[in-house]
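Below is one structure; the comments refer to it alone.
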Amino acid sequence: MTKPPPTSPPDLPCKVRLLLSLLTVVINTVRRSNGTINRRLMSLFDLKASPSSKPNNRVKTSDVMVDPTRNLWFRLYVPAAAITTTASSPSAKLPLIIYFHGGGFAFFSANSKPYDDLCKRLSAELPAVVVSVNYRLAPEHIYPSQYEDGFDVLKFIDQTTIDGFDLNNVDITRCFLAGDSAGGNLAHHVAVKASDHHEFGKMRVVGLIAIQPFFGGKERIESETRLSKGLALSLEQTDWYWKTFLPEGSDRDHAAANVLGKEWKDVLGVKFPATIVFVGGFDLLQDWQRRYYEGLKKSGKEAYLIEYPNSFHGFYVFPELKESSFLVKEVRDFIEKLC
């Protein structure tokens with residue numbers, strides 16, 4: 001039986017409400033009507049975090065360049081306590097999580113403060129070695145640039161000896177792709193390509209962690225109309241993101257957005273990884289996310305759906321919210337189930 005949608009806004013701490021209001025104002029201000037972004041103005045609000053070779057929140061971080069010609073790099077997170085453990089017990093290697101940040105394909109980066117904090121938390125609490133990918137952004141770089149960057153990072157890790165990336169500490173045969181919002185969409189498309197790729201040396205993608213993934217279509221579904229002016233994400237914003245990301249002349253039924261379209265059966269390879277999908281009751285994208293989960297199940301794939309009725313789009317970057325802690329626990333359980 002389907003649960004009725006929540007009827008009143010979630011009760012949020014004042015700090016969270018203030019930050020959500022500020023984010024909305026900033027995003028709406030820096031987006032220009034001609035489809036470009038005022039990057040200089042955005043940089044004043046998109047606070048960055050530097051890497052730290054000494055443990056910070058129990059995690060060491062470093063930046064690794066993949067391709068300087070397109071500024072493709074990633075931030076590497078290694079939980080400090082685990083280094084000692086794996087040195088004394090080689091069988092205790094950690095899983096690898098390759099993370100793609102959200103932001104409508106247009107905003108934020110791997111070193112944006114909220115995502116740096118989130119990846120540190122995941123690395124320390126799961127625990128796991130985390131790679132956070134700094135992919136190219138729209139509208140300067142449209143589809144399929146982001147997907148190409150994501151997959152190229154997988155190939156780079158599989159084929160390259162990386163300073164600070166000790167294979168004694170991480171098991172790349174237990175690789176999980178993860179992402180939130182647009183990053184969840186990116187993780188899906190990279191997983192599709194990885195499931196059909198037979199050239200990896202050691203890497204094996206065993207799981208997909210889709211946190212409120214950004215999917216869509218020309219159809220206006222119920223949650224989009226009911227929550228069109230939702231917390232942290234509005235329908236007007238999602239339309240703008242798709243318009244600036246997709247190829248000119250495309251609509252929201254493009255395969256990048258509407259993953260359940262006519263190409264669905266062709267892209268889901270037999271090796272498509274087990275998937276966990278997180279949904280929030282105040283996220284206007286929730287009906288697309290449920291359809292994605294249902295499509296995986298109908299295709300015979302291993303899939304799990306986790307719903308938080310009182311959560312808005314992006315709740316996971318606020319550690320003070322209980323659902324954020326619930327998510328970390330569910331991710332840990334999912335990884336343990338597959339490992």
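Ordered as shown in the structure tokens, chains take letters A, B, and onward, while each chain numbers its residues from 1 and ligands are numbered from 1 in the order shown.
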
**Request:** Give me the residues within 6 Å of range 206-213 of chain A as an MDAnalysis selection string, counting only C-alpha atoms and dropping any in the same chain fewer than 6 places off.
**Result:** chainID A and resid 175:181 184:185 273:279

Please write the residues from the selection above to a file, keeping all heavy atoms, as a CSV table (one decimal), in the first residue's frame.
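This went into result33.csv:
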```csv
chain,number,residue,atom,x,y,z
A,175,CYS,N,34.4,-2.2,-5.4
A,175,CYS,CA,34.2,-0.8,-5.8
A,175,CYS,C,32.7,-0.4,-5.8
A,175,CYS,O,31.9,-1.1,-6.5
A,175,CYS,CB,34.9,-0.5,-7.1
A,175,CYS,SG,34.6,1.2,-7.7
A,176,PHE,N,32.4,0.7,-5.2
A,176,PHE,CA,31.0,1.2,-5.2
A,176,PHE,C,31.0,2.5,-5.9
A,176,PHE,O,31.8,3.4,-5.5
A,176,PHE,CB,30.5,1.3,-3.8
A,176,PHE,CG,30.3,0.0,-3.1
A,176,PHE,CD1,31.3,-0.7,-2.5
A,176,PHE,CD2,29.0,-0.6,-3.0
A,176,PHE,CE1,31.2,-1.9,-1.9
A,176,PHE,CE2,28.8,-1.8,-2.3
A,176,PHE,CZ,29.9,-2.5,-1.8
A,177,LEU,N,30.1,2.7,-6.8
A,177,LEU,CA,29.8,4.1,-7.3
A,177,LEU,C,28.7,4.7,-6.5
A,177,LEU,O,27.7,4.1,-6.2
A,177,LEU,CB,29.4,4.0,-8.8
A,177,LEU,CG,30.4,3.2,-9.7
A,177,LEU,CD1,29.9,3.3,-11.2
A,177,LEU,CD2,31.8,3.8,-9.7
A,178,ALA,N,28.9,6.0,-6.2
A,178,ALA,CA,27.9,6.7,-5.4
A,178,ALA,C,27.8,8.1,-5.9
A,178,ALA,O,28.7,8.7,-6.4
A,178,ALA,CB,28.4,6.7,-3.9
A,179,GLY,N,26.7,8.7,-5.6
A,179,GLY,CA,26.5,10.1,-6.0
A,179,GLY,C,25.1,10.6,-5.5
A,179,GLY,O,24.2,9.8,-5.3
A,180,ASP,N,25.0,11.9,-5.3
A,180,ASP,CA,23.8,12.5,-4.9
A,180,ASP,C,23.2,13.4,-6.0
A,180,ASP,O,24.0,14.1,-6.7
A,180,ASP,CB,23.9,13.3,-3.6
A,180,ASP,CG,24.8,14.5,-3.8
A,180,ASP,OD1,26.0,14.4,-3.9
A,180,ASP,OD2,24.3,15.6,-3.9
A,181,SER,N,21.9,13.5,-6.2
A,181,SER,CA,21.3,14.4,-7.2
A,181,SER,C,21.9,14.1,-8.6
A,181,SER,O,21.9,13.0,-9.1
A,181,SER,CB,21.4,15.8,-6.7
A,181,SER,OG,20.6,16.7,-7.4
A,184,GLY,N,24.1,11.3,-8.6
A,184,GLY,CA,23.5,10.0,-8.6
A,184,GLY,C,23.2,9.6,-10.1
A,184,GLY,O,23.3,8.5,-10.4
A,185,ASN,N,22.7,10.6,-10.9
A,185,ASN,CA,22.5,10.4,-12.3
A,185,ASN,C,23.8,9.9,-13.0
A,185,ASN,O,23.9,9.0,-13.7
A,185,ASN,CB,21.9,11.6,-12.9
A,185,ASN,CG,21.8,11.6,-14.4
A,185,ASN,OD1,22.8,11.4,-15.1
A,185,ASN,ND2,20.6,11.7,-15.0
A,273,PRO,N,25.4,-3.4,-11.3
A,273,PRO,CA,25.6,-3.7,-9.9
A,273,PRO,C,24.4,-3.6,-9.1
A,273,PRO,O,23.4,-2.9,-9.5
A,273,PRO,CB,26.6,-2.6,-9.5
A,273,PRO,CG,26.4,-1.5,-10.4
A,273,PRO,CD,26.0,-2.1,-11.7
A,274,ALA,N,24.4,-4.2,-7.9
A,274,ALA,CA,23.3,-4.0,-6.9
A,274,ALA,C,23.2,-2.6,-6.6
A,274,ALA,O,24.2,-1.8,-6.5
A,274,ALA,CB,23.6,-4.9,-5.7
A,275,THR,N,22.0,-2.1,-6.4
A,275,THR,CA,21.7,-0.7,-6.3
A,275,THR,C,20.8,-0.4,-5.1
A,275,THR,O,19.9,-1.1,-4.8
A,275,THR,CB,21.0,-0.1,-7.5
A,275,THR,OG1,21.9,-0.4,-8.7
A,275,THR,CG2,20.8,1.4,-7.5
A,276,ILE,N,21.2,0.7,-4.3
A,276,ILE,CA,20.4,1.2,-3.3
A,276,ILE,C,20.0,2.6,-3.6
A,276,ILE,O,20.8,3.4,-4.0
A,276,ILE,CB,21.1,1.1,-1.9
A,276,ILE,CG1,20.1,1.5,-0.8
A,276,ILE,CG2,22.3,2.0,-1.8
A,276,ILE,CD1,20.6,1.2,0.6
A,277,VAL,N,18.7,2.9,-3.5
A,277,VAL,CA,18.1,4.2,-3.9
A,277,VAL,C,17.6,4.9,-2.7
A,277,VAL,O,16.7,4.3,-2.0
A,277,VAL,CB,17.1,4.1,-5.0
A,277,VAL,CG1,16.6,5.5,-5.5
A,277,VAL,CG2,17.6,3.3,-6.2
A,278,PHE,N,18.0,6.2,-2.4
A,278,PHE,CA,17.5,6.9,-1.3
A,278,PHE,C,16.5,8.0,-1.8
A,278,PHE,O,16.8,8.7,-2.8
A,278,PHE,CB,18.6,7.6,-0.5
A,278,PHE,CG,19.5,6.6,0.2
A,278,PHE,CD1,20.6,6.1,-0.4
A,278,PHE,CD2,19.2,6.2,1.5
A,278,PHE,CE1,21.4,5.2,0.3
A,278,PHE,CE2,19.9,5.3,2.2
A,278,PHE,CZ,21.1,4.8,1.6
A,279,VAL,N,15.3,8.1,-1.1
A,279,VAL,CA,14.3,9.0,-1.6
A,279,VAL,C,13.8,9.8,-0.4
A,279,VAL,O,13.7,9.3,0.8
A,279,VAL,CB,13.1,8.2,-2.1
A,279,VAL,CG1,11.9,9.1,-2.4
A,279,VAL,CG2,13.5,7.4,-3.4
```

**Asked** What residues in range 62-138 of chain A get the DSSP label strand (DSSP E)? Please answer as a ChimeraX atom specification.
**Response** /A:62-67,72-79,94-100,129-134

**Asked** What residues in range 212-296 of chain A get the DSSP label alpha helix (DSSP H)? Please answer as a PyMOL selection string.
**Response** chain A and resi 222-226+235-245+264-267+286-296

Output file for the residues above (N, CA and C atoms, as a PDB file, in the first residue's frame):
```
ATOM      1  N   GLU A 222       3.464  13.508 -10.598  1.00  0.00           N
ATOM      2  CA  GLU A 222       2.740  14.075  -9.456  1.00  0.00           C
ATOM      3  C   GLU A 222       3.649  14.814  -8.480  1.00  0.00           C
ATOM      4  N   SER A 223       4.765  14.224  -8.108  1.00  0.00           N
ATOM      5  CA  SER A 223       5.612  14.864  -7.097  1.00  0.00           C
ATOM      6  C   SER A 223       6.220  16.161  -7.612  1.00  0.00           C
ATOM      7  N   GLU A 224       6.454  16.260  -8.924  1.00  0.00           N
ATOM      8  CA  GLU A 224       7.004  17.495  -9.486  1.00  0.00           C
ATOM      9  C   GLU A 224       6.001  18.648  -9.383  1.00  0.00           C
ATOM     10  N   THR A 225       4.738  18.373  -9.643  1.00  0.00           N
ATOM     11  CA  THR A 225       3.731  19.433  -9.567  1.00  0.00           C
ATOM     12  C   THR A 225       3.371  19.760  -8.125  1.00  0.00           C
ATOM     13  N   ARG A 226       3.307  18.737  -7.286  1.00  0.00           N
ATOM     14  CA  ARG A 226       2.942  18.969  -5.876  1.00  0.00           C
ATOM     15  C   ARG A 226       4.028  19.724  -5.125  1.00  0.00           C
ATOM     16  N   LEU A 235      11.073  23.124  -9.388  1.00  0.00           N
ATOM     17  CA  LEU A 235      10.860  22.621 -10.740  1.00  0.00           C
ATOM     18  C   LEU A 235      11.511  23.545 -11.769  1.00  0.00           C
ATOM     19  N   GLU A 236      11.444  24.841 -11.523  1.00  0.00           N
ATOM     20  CA  GLU A 236      12.083  25.785 -12.435  1.00  0.00           C
ATOM     21  C   GLU A 236      13.582  25.536 -12.513  1.00  0.00           C
ATOM     22  N   GLN A 237      14.197  25.219 -11.374  1.00  0.00           N
ATOM     23  CA  GLN A 237      15.633  24.940 -11.361  1.00  0.00           C
ATOM     24  C   GLN A 237      15.963  23.652 -12.122  1.00  0.00           C
ATOM     25  N   THR A 238      15.176  22.603 -11.904  1.00  0.00           N
ATOM     26  CA  THR A 238      15.486  21.342 -12.593  1.00  0.00           C
ATOM     27  C   THR A 238      15.361  21.515 -14.104  1.00  0.00           C
ATOM     28  N   ASP A 239      14.352  22.259 -14.551  1.00  0.00           N
ATOM     29  CA  ASP A 239      14.214  22.512 -15.990  1.00  0.00           C
ATOM     30  C   ASP A 239      15.434  23.257 -16.529  1.00  0.00           C
ATOM     31  N   TRP A 240      15.909  24.224 -15.755  1.00  0.00           N
ATOM     32  CA  TRP A 240      17.084  25.003 -16.171  1.00  0.00           C
ATOM     33  C   TRP A 240      18.316  24.107 -16.248  1.00  0.00           C
ATOM     34  N   TYR A 241      18.496  23.228 -15.268  1.00  0.00           N
ATOM     35  CA  TYR A 241      19.652  22.326 -15.267  1.00  0.00           C
ATOM     36  C   TYR A 241      19.643  21.416 -16.498  1.00  0.00           C
ATOM     37  N   TRP A 242      18.479  20.844 -16.802  1.00  0.00           N
ATOM     38  CA  TRP A 242      18.418  19.974 -17.972  1.00  0.00           C
ATOM     39  C   TRP A 242      18.704  20.756 -19.251  1.00  0.00           C
ATOM     40  N   LYS A 243      18.182  21.957 -19.366  1.00  0.00           N
ATOM     41  CA  LYS A 243      18.368  22.759 -20.570  1.00  0.00           C
ATOM     42  C   LYS A 243      19.835  23.101 -20.793  1.00  0.00           C
ATOM     43  N   THR A 244      20.571  23.363 -19.712  1.00  0.00           N
ATOM     44  CA  THR A 244      21.978  23.749 -19.859  1.00  0.00           C
ATOM     45  C   THR A 244      22.908  22.548 -19.990  1.00  0.00           C
ATOM     46  N   PHE A 245      22.437  21.367 -19.610  1.00  0.00           N
ATOM     47  CA  PHE A 245      23.269  20.167 -19.647  1.00  0.00           C
ATOM     48  C   PHE A 245      23.107  19.357 -20.922  1.00  0.00           C
ATOM     49  N   TRP A 264      16.215   1.750 -22.209  1.00  0.00           N
ATOM     50  CA  TRP A 264      16.416   1.132 -20.890  1.00  0.00           C
ATOM     51  C   TRP A 264      16.908  -0.311 -20.986  1.00  0.00           C
ATOM     52  N   LYS A 265      16.238  -1.143 -21.759  1.00  0.00           N
ATOM     53  CA  LYS A 265      16.599  -2.561 -21.841  1.00  0.00           C
ATOM     54  C   LYS A 265      17.954  -2.764 -22.505  1.00  0.00           C
ATOM     55  N   ASP A 266      18.340  -1.825 -23.357  1.00  0.00           N
ATOM     56  CA  ASP A 266      19.598  -1.977 -24.082  1.00  0.00           C
ATOM     57  C   ASP A 266      20.817  -1.621 -23.233  1.00  0.00           C
ATOM     58  N   VAL A 267      20.622  -0.748 -22.235  1.00  0.00           N
ATOM     59  CA  VAL A 267      21.784  -0.236 -21.492  1.00  0.00           C
ATOM     60  C   VAL A 267      22.066  -1.010 -20.205  1.00  0.00           C
ATOM     61  N   GLN A 286      11.116  12.596  -6.293  1.00  0.00           N
ATOM     62  CA  GLN A 286      10.916  11.284  -5.678  1.00  0.00           C
ATOM     63  C   GLN A 286      10.189  10.278  -6.569  1.00  0.00           C
ATOM     64  N   ASP A 287       9.225  10.733  -7.363  1.00  0.00           N
ATOM     65  CA  ASP A 287       8.494   9.788  -8.213  1.00  0.00           C
ATOM     66  C   ASP A 287       9.384   9.229  -9.315  1.00  0.00           C
ATOM     67  N   TRP A 288      10.278  10.033  -9.865  1.00  0.00           N
ATOM     68  CA  TRP A 288      11.257   9.524 -10.836  1.00  0.00           C
ATOM     69  C   TRP A 288      12.186   8.505 -10.182  1.00  0.00           C
ATOM     70  N   GLN A 289      12.567   8.777  -8.946  1.00  0.00           N
ATOM     71  CA  GLN A 289      13.480   7.879  -8.233  1.00  0.00           C
ATOM     72  C   GLN A 289      12.812   6.537  -7.932  1.00  0.00           C
ATOM     73  N   ARG A 290      11.544   6.577  -7.560  1.00  0.00           N
ATOM     74  CA  ARG A 290      10.822   5.319  -7.321  1.00  0.00           C
ATOM     75  C   ARG A 290      10.668   4.540  -8.621  1.00  0.00           C
ATOM     76  N   ARG A 291      10.398   5.231  -9.714  1.00  0.00           N
ATOM     77  CA  ARG A 291      10.294   4.551 -11.008  1.00  0.00           C
ATOM     78  C   ARG A 291      11.614   3.885 -11.374  1.00  0.00           C
ATOM     79  N   TYR A 292      12.703   4.546 -11.057  1.00  0.00           N
ATOM     80  CA  TYR A 292      14.024   3.979 -11.329  1.00  0.00           C
ATOM     81  C   TYR A 292      14.208   2.678 -10.552  1.00  0.00           C
ATOM     82  N   TYR A 293      13.893   2.718  -9.267  1.00  0.00           N
ATOM     83  CA  TYR A 293      13.987   1.514  -8.427  1.00  0.00           C
ATOM     84  C   TYR A 293      13.092   0.407  -8.980  1.00  0.00           C
ATOM     85  N   GLU A 294      11.848   0.747  -9.319  1.00  0.00           N
ATOM     86  CA  GLU A 294      10.920  -0.245  -9.838  1.00  0.00           C
ATOM     87  C   GLU A 294      11.406  -0.811 -11.178  1.00  0.00           C
ATOM     88  N   GLY A 295      12.021   0.042 -12.014  1.00  0.00           N
ATOM     89  CA  GLY A 295      12.560  -0.424 -13.280  1.00  0.00           C
ATOM     90  C   GLY A 295      13.685  -1.424 -13.090  1.00  0.00           C
ATOM     91  N   LEU A 296      14.525  -1.177 -12.097  1.00  0.00           N
ATOM     92  CA  LEU A 296      15.607  -2.116 -11.789  1.00  0.00           C
ATOM     93  C   LEU A 296      15.046  -3.457 -11.334  1.00  0.00           C
TER      94      LEU A 296
END
```

**Message:** Which residues are near Ser123 in chain A? Cut-off 12 Å, only C-alpha atoms, ignore same chain within fewer than 2 positions. Put them as a ChimeraX atom specification.
**Reply:** /A:55-61,75-82,94-99,116-121,125-132,170,328,331-332

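Of note, CA of Leu246 in chain A and CA of Tyr143 in chain A are spaced 5.5 Å apart.
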
**Message:** Rounded to one decimal, what separation in Å do you get between CA of Asp46 in chain A and CA of Leu20 in chain A?
**Reply:** 13.7 Å

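Between CA of Arg39 in chain A and CA of Val25 in chain A the interatomic distance comes to 14.9 Å.
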
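Among the candidates A:Lys218, A:His101, A:His197, A:Lys202, the residue lying nearest to Val270 in chain A is A:His197 (atoms considered: only C-alpha atoms).
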
**Request:** Kindly indicate which residue among A:Ile221, A:Leu19, A:Lys297, A:Leu122 lies nearest to Lys329 in chain A, using only C-alpha atoms for the distances.
**Result:** A:Leu122

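Among the candidates A:Val16, A:Ile162, A:Val317, A:Ala124, the residue lying nearest to Val64 in chain A is A:Ile162 (atoms considered: only C-alpha atoms).
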
**Item:** Contacts of Pro9 in chain A at 9 Å (only C-alpha atoms; same-chain gap of 6+ positions) as a list in words
**Value:** Leu231, Phe282 and Asn310 of chain A

Output all heavy atoms for every residue in that selection, as an mmCIF file, in the first residue's frame.
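Once written, selection_13.cif looks like this:
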```cif
data_model
loop_
_atom_site.group_PDB
_atom_site.id
_atom_site.type_symbol
_atom_site.label_atom_id
_atom_site.label_comp_id
_atom_site.auth_asym_id
_atom_site.auth_seq_id
_atom_site.Cartn_x
_atom_site.Cartn_y
_atom_site.Cartn_z
ATOM 1 N N LEU A 231 11.686 22.645 -0.977
ATOM 2 C CA LEU A 231 12.889 23.044 -0.251
ATOM 3 C C LEU A 231 14.131 22.644 -1.026
ATOM 4 O O LEU A 231 14.245 21.514 -1.503
ATOM 5 C CB LEU A 231 12.920 22.366 1.123
ATOM 6 C CG LEU A 231 11.938 22.873 2.180
ATOM 7 C CD1 LEU A 231 11.913 21.914 3.365
ATOM 8 C CD2 LEU A 231 12.322 24.267 2.629
ATOM 9 N N PHE A 282 10.015 15.091 0.721
ATOM 10 C CA PHE A 282 9.830 16.469 0.287
ATOM 11 C C PHE A 282 10.730 16.809 -0.897
ATOM 12 O O PHE A 282 11.019 17.970 -1.152
ATOM 13 C CB PHE A 282 10.085 17.430 1.451
ATOM 14 C CG PHE A 282 8.959 17.458 2.447
ATOM 15 C CD1 PHE A 282 8.967 16.609 3.541
ATOM 16 C CD2 PHE A 282 7.885 18.318 2.281
ATOM 17 C CE1 PHE A 282 7.930 16.615 4.453
ATOM 18 C CE2 PHE A 282 6.836 18.335 3.190
ATOM 19 C CZ PHE A 282 6.860 17.478 4.284
ATOM 20 N N ASN A 310 10.269 12.676 5.780
ATOM 21 C CA ASN A 310 10.394 14.080 6.155
ATOM 22 C C ASN A 310 11.652 14.751 5.608
ATOM 23 O O ASN A 310 12.027 15.823 6.062
ATOM 24 C CB ASN A 310 10.390 14.217 7.682
ATOM 25 C CG ASN A 310 9.049 13.853 8.282
ATOM 26 O OD1 ASN A 310 8.003 14.242 7.756
ATOM 27 N ND2 ASN A 310 9.054 13.098 9.363
#
```

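Within 6 Å of range 107-113 of chain A there are Leu47, Lys48, Ala49, Gly103, Tyr115, Asp116, Ser132, Val133 and Asn134 of chain A, counting only C-alpha atoms and ignoring same-chain residues fewer than 2 positions away.
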
Keeping only all heavy atoms, write those residues as an mmCIF file, in the first residue's frame.
```
data_model
loop_
_atom_site.group_PDB
_atom_site.id
_atom_site.type_symbol
_atom_site.label_atom_id
_atom_site.label_comp_id
_atom_site.auth_asym_id
_atom_site.auth_seq_id
_atom_site.Cartn_x
_atom_site.Cartn_y
_atom_site.Cartn_z
ATOM 1 N N LEU A 47 32.358 27.806 -0.680
ATOM 2 C CA LEU A 47 33.569 27.716 0.132
ATOM 3 C C LEU A 47 34.303 26.406 -0.147
ATOM 4 O O LEU A 47 33.688 25.350 -0.277
ATOM 5 C CB LEU A 47 33.218 27.812 1.615
ATOM 6 C CG LEU A 47 32.472 29.089 2.048
ATOM 7 C CD1 LEU A 47 32.195 29.051 3.536
ATOM 8 C CD2 LEU A 47 33.255 30.344 1.666
ATOM 9 N N LYS A 48 35.639 26.491 -0.215
ATOM 10 C CA LYS A 48 36.462 25.339 -0.548
ATOM 11 C C LYS A 48 37.231 24.840 0.682
ATOM 12 O O LYS A 48 37.546 25.603 1.581
ATOM 13 C CB LYS A 48 37.459 25.688 -1.655
ATOM 14 C CG LYS A 48 36.827 26.279 -2.909
ATOM 15 C CD LYS A 48 35.895 25.297 -3.615
ATOM 16 C CE LYS A 48 35.394 25.876 -4.940
ATOM 17 N NZ LYS A 48 34.454 24.979 -5.614
ATOM 18 N N ALA A 49 37.524 23.546 0.670
ATOM 19 C CA ALA A 49 38.318 22.919 1.733
ATOM 20 C C ALA A 49 39.614 22.398 1.130
ATOM 21 O O ALA A 49 39.605 21.787 0.056
ATOM 22 C CB ALA A 49 37.541 21.779 2.376
ATOM 23 N N GLY A 103 24.643 19.005 -7.726
ATOM 24 C CA GLY A 103 24.728 20.398 -8.138
ATOM 25 C C GLY A 103 24.180 20.655 -9.526
ATOM 26 O O GLY A 103 24.551 21.624 -10.188
ATOM 27 N N TYR A 115 30.657 18.977 0.492
ATOM 28 C CA TYR A 115 30.979 17.649 -0.042
ATOM 29 C C TYR A 115 32.266 17.096 0.541
ATOM 30 O O TYR A 115 32.399 15.875 0.724
ATOM 31 C CB TYR A 115 31.030 17.699 -1.571
ATOM 32 C CG TYR A 115 29.645 17.732 -2.147
ATOM 33 C CD1 TYR A 115 29.116 18.893 -2.692
ATOM 34 C CD2 TYR A 115 28.826 16.609 -2.082
ATOM 35 C CE1 TYR A 115 27.818 18.928 -3.183
ATOM 36 C CE2 TYR A 115 27.529 16.632 -2.563
ATOM 37 C CZ TYR A 115 27.027 17.796 -3.111
ATOM 38 O OH TYR A 115 25.727 17.820 -3.571
ATOM 39 N N ASP A 116 33.205 17.967 0.856
ATOM 40 C CA ASP A 116 34.409 17.507 1.545
ATOM 41 C C ASP A 116 34.042 16.945 2.918
ATOM 42 O O ASP A 116 34.526 15.875 3.313
ATOM 43 C CB ASP A 116 35.389 18.667 1.688
ATOM 44 C CG ASP A 116 36.712 18.239 2.298
ATOM 45 O OD1 ASP A 116 37.461 17.484 1.630
ATOM 46 O OD2 ASP A 116 37.010 18.646 3.441
ATOM 47 N N SER A 132 36.501 11.284 -4.497
ATOM 48 C CA SER A 132 35.480 12.253 -4.877
ATOM 49 C C SER A 132 35.912 12.947 -6.160
ATOM 50 O O SER A 132 36.928 13.646 -6.192
ATOM 51 C CB SER A 132 35.267 13.285 -3.764
ATOM 52 O OG SER A 132 34.256 14.211 -4.114
ATOM 53 N N VAL A 133 35.133 12.767 -7.227
ATOM 54 C CA VAL A 133 35.548 13.177 -8.573
ATOM 55 C C VAL A 133 35.203 14.636 -8.855
ATOM 56 O O VAL A 133 34.058 15.068 -8.646
ATOM 57 C CB VAL A 133 34.877 12.281 -9.628
ATOM 58 C CG1 VAL A 133 35.294 12.711 -11.039
ATOM 59 C CG2 VAL A 133 35.228 10.813 -9.380
ATOM 60 N N ASN A 134 36.183 15.378 -9.340
ATOM 61 C CA ASN A 134 35.959 16.751 -9.771
ATOM 62 C C ASN A 134 35.783 16.758 -11.290
ATOM 63 O O ASN A 134 36.726 16.877 -12.053
ATOM 64 C CB ASN A 134 37.124 17.653 -9.381
ATOM 65 C CG ASN A 134 36.779 19.129 -9.543
ATOM 66 O OD1 ASN A 134 36.022 19.674 -8.753
ATOM 67 N ND2 ASN A 134 37.296 19.751 -10.584
#
```

**Request:** Pick out the residues sitting within 12 Å of Leu268 in chain A, and hand them over as a list in words; count only C-alpha atoms, and ignore anything fewer than 3 positions along from it in its own chain.
**Result:** His188, His189, Val190, Ala191, Val192, Lys193, Ala194, Ser195, Asp196, Val259, Leu260, Gly261, Lys262, Glu263, Trp264, Lys265, Lys271, Phe272, Pro273, Ala274, Gly295, Leu296, Lys297, Lys298, Ser299, Gly300 and Lys301 of chain A

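Minimum atom-to-atom distances from A:Gly104, A:Pro139, A:Gly314, A:Pro68 to Gly35 in chain A were compared using only C-alpha atoms, and the lowest value belongs to A:Pro139.
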
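The nearest approach to Arg252 in chain A among the residues A:Gly217, A:Leu233, A:Leu137, A:Ser228, with only C-alpha atoms taken into account, belongs to A:Gly217.
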